[in-house]
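Peer 1: Can you keep this structure in mind? I'll have questions shortly.
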Amino acid sequence: MIKLQQLIGLPVVDLRTGRQAGKVKDAWFDDQWSMQGVLLEAGRWLSSKDRIVHWNRVASCGEDAVLIDSTEDIVVKDKKAAGRCFQTGHPRLKDLPVVTVGGTQLGRLSDVYFEPIQGTQIVGYELTDGFISDLLEGRKWLRAPKESETVLLGEDAIIVPACCEAQLLPVAPSDSDIGRNER
């Protein structure tokens, strides 16, 4: 499992030439929490166009790099393309409150987890209650509900089923342990 924030900043490397084509700046998702692609850092100072790689064009994603078949897979993002970025743009997903349908705030979205080999669907959320709470109590982990349509990705909040409150787990000390400490 990979945390999205571990992906941000990784070099994007062309498999044909071995050249670095850029670095991952962000990722964007559709309303069903499926990753659509990654945004690359601007290569030129005056370039205002977002360069992207659609996720289906990523050859592999590891701890140290994102590999693409060719720099031809890098395109300019269409401004009309639907999707929400994790940490850039408006509204962004990072720091959105996660609230149950019963009105209980579970925390704010700090990170998301996905399985790069099995697809791009988000499998879990890391939640924070703020810096002090993170130090004293740690962050919380919430497995994504199996039915993605039960999660509303709203403008100002993420709404989850009421049962999610009982499913909160402490974030494991090691990323490899996330999701393995189920009951």
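Scheme for the structure tokens: letters A, B, ... for chains in order shown; per-chain residue numbers from 1; ligand numbers from 1 in order shown.
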Per residue of segment 111-136 of chain A within 12 Å of segment 13-31 of chain A, record the nearest atom pair and its distance in Å to one decimal, counting only C-alpha atoms, with rows in chain order and ascending residue number, as a Markdown table.
Peer 2:
| residue | atom | partner | partner_atom | distance |
| --- | --- | --- | --- | --- |
| A:Asp111 | CA | A:Ala27 | CA | 11.7 |
| A:Val112 | CA | A:Ala27 | CA | 10.9 |
| A:Phe114 | CA | A:Phe29 | CA | 11.9 |
| A:Thr120 | CA | A:Phe29 | CA | 9.2 |
| A:Gln121 | CA | A:Phe29 | CA | 9.2 |
| A:Ile122 | CA | A:Phe29 | CA | 9.4 |
Peer 1: The selected residues should be written to file as an mmCIF file, in the first residue's frame (atoms: C-alpha atoms).
Peer 2:
data_model
loop_
_atom_site.group_PDB
_atom_site.id
_atom_site.type_symbol
_atom_site.label_atom_id
_atom_site.label_comp_id
_atom_site.auth_asym_id
_atom_site.auth_seq_id
_atom_site.Cartn_x
_atom_site.Cartn_y
_atom_site.Cartn_z
ATOM 1 C CA ASP A 111 -3.475 11.366 3.496
ATOM 2 C CA VAL A 112 -4.981 8.585 1.401
ATOM 3 C CA PHE A 114 -4.001 3.079 -2.477
ATOM 4 C CA THR A 120 -6.291 3.250 -8.295
ATOM 5 C CA GLN A 121 -9.227 3.036 -5.935
ATOM 6 C CA ILE A 122 -8.519 4.588 -2.547
#
Peer 1: Assign secondary structure with DSSP using the backbone only, and return the residues of segment 10-181 of chain A in helix (DSSP H, G or I) as a list of chain:residue names.
Peer 2: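 Selecting the helix (DSSP H, G or I) positions of segment 10-181 of chain A gives A:Trp55, A:Asn56, A:Arg57, A:Thr71, A:Glu72, A:Asp73, A:Phe131, A:Ile132, A:Ser133, A:Asp134, A:Leu135, A:Leu136, A:Glu137, A:Ser148, A:Glu149, A:Thr150, A:Ala162, A:Cys163, A:Cys164, A:Glu165, A:Ala166, A:Gln167, A:Asp175, A:Ser176, A:Asp177.
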Peer 1: Would you mind listing what lies within 7 Å of segment 73-77 of chain A as a PyMOL selection string, with only C-alpha atoms counted and same-chain residues fewer than 6 positions away left out?
Peer 2: chain A and resi 49-53+57
Peer 1: Enumerate as a ChimeraX atom specification all residues of segment 33-179 of chain A assigned to strand (DSSP E or B) by DSSP on the backbone, naming them with the chain letters and numbers the document uses.
Peer 2: /A:34-40,51-54,58-61,66-68,74-76,84-85,97-100,105-114,121-128,140-143,152-153,158-160,169-170
Peer 1: Report the distance between atom CA of Cys61 of chain A and atom CA of Leu10 of chain A in Å, rounded to one decimal place.
Peer 2: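 Separation between atom CA of Cys61 of chain A and atom CA of Leu10 of chain A: 9.6 Å.
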Peer 1: Go through segment 6-108 of chain A and flag each residue having an atom no more than 10 Å from segment 127-130 of chain A; for those, report the closest pair of atoms plus their distance in Å to one decimal, using only C-alpha atoms, ordered by chain and rising number, as JSON lines.
Peer 2:
{"residue": "A:Lys94", "atom": "CA", "partner": "A:Leu127", "partner_atom": "CA", "distance": 9.8}
{"residue": "A:Asp95", "atom": "CA", "partner": "A:Thr128", "partner_atom": "CA", "distance": 8.4}
{"residue": "A:Leu96", "atom": "CA", "partner": "A:Leu127", "partner_atom": "CA", "distance": 9.7}
{"residue": "A:Pro97", "atom": "CA", "partner": "A:Leu127", "partner_atom": "CA", "distance": 8.8}
{"residue": "A:Val98", "atom": "CA", "partner": "A:Leu127", "partner_atom": "CA", "distance": 8.0}
{"residue": "A:Gln105", "atom": "CA", "partner": "A:Asp129", "partner_atom": "CA", "distance": 9.6}
{"residue": "A:Leu106", "atom": "CA", "partner": "A:Leu127", "partner_atom": "CA", "distance": 7.4}
{"residue": "A:Gly107", "atom": "CA", "partner": "A:Asp129", "partner_atom": "CA", "distance": 5.1}
{"residue": "A:Arg108", "atom": "CA", "partner": "A:Leu127", "partner_atom": "CA", "distance": 5.2}
Peer 1: Would you mind reading off the distance between atom CA of Val101 of chain A and atom CA of Lys3 of chain A, one decimal, in Å?
Peer 2: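 These atoms are spaced 26.0 Å apart.
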Peer 1: Distance atom CA of Leu169 of chain A-atom CA of Leu142 of chain A, one decimal place?
Peer 2: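 Computed distance, atom CA of Leu169 of chain A to atom CA of Leu142 of chain A, equals 6.5 Å.
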Peer 1: Hey, which of A:Glu137, A:Asp64, A:Asp69, A:Asp78 ends up closest to Leu39 of chain A? Count only C-alpha atoms.
Peer 2: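 Using only C-alpha atoms, the shortest distance to Leu39 of chain A belongs to A:Asp78.
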Peer 1: Within 10 Å of Val99 of chain A, counting only C-alpha atoms, which residues show up once you throw out same-chain ones fewer than 3 positions away? Write them as a PyMOL selection string, please.
Peer 2: chain A and resi 96+102-108+152+157-162+164-165
Peer 1: So, counting only C-alpha atoms, which residue among A:Glu63, A:Leu4, A:Lys146, A:Pro116 is closest to Phe86 of chain A?
Peer 2: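 Residue with the minimum atom-to-atom distance to Phe86 of chain A: A:Leu4.
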Peer 1: Using only C-alpha atoms, pick whichever of A:Glu115, A:Glu72, A:Asp156, A:Glu126 has the shortest atom-to-atom distance to Lys140 of chain A.
Peer 2: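 Under the stated criterion, the closest residue is A:Glu126.
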Peer 1: Of the residues A:Gly89, A:Gln36, A:Glu149, A:Glu155, which is the one nearest to His54 of chain A, using only C-alpha atoms?
Peer 2: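 Looking at the shortest contact to His54 of chain A, the residue is A:Gln36.
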Peer 1: From the list A:Cys85, A:Met1, A:Ala59, A:Val12, which residue is nearest Met35 of chain A when using only C-alpha atoms?
Peer 2: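 Distance minimum relative to Met35 of chain A lands on A:Cys85.
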Peer 1: Measuring atom to atom with only C-alpha atoms, identify which of A:Gly83, A:Gly138, A:Gly62, A:Pro145 is nearest to Val123 of chain A.
Peer 2: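 The shortest atom-to-atom distance to Val123 of chain A comes from A:Pro145.
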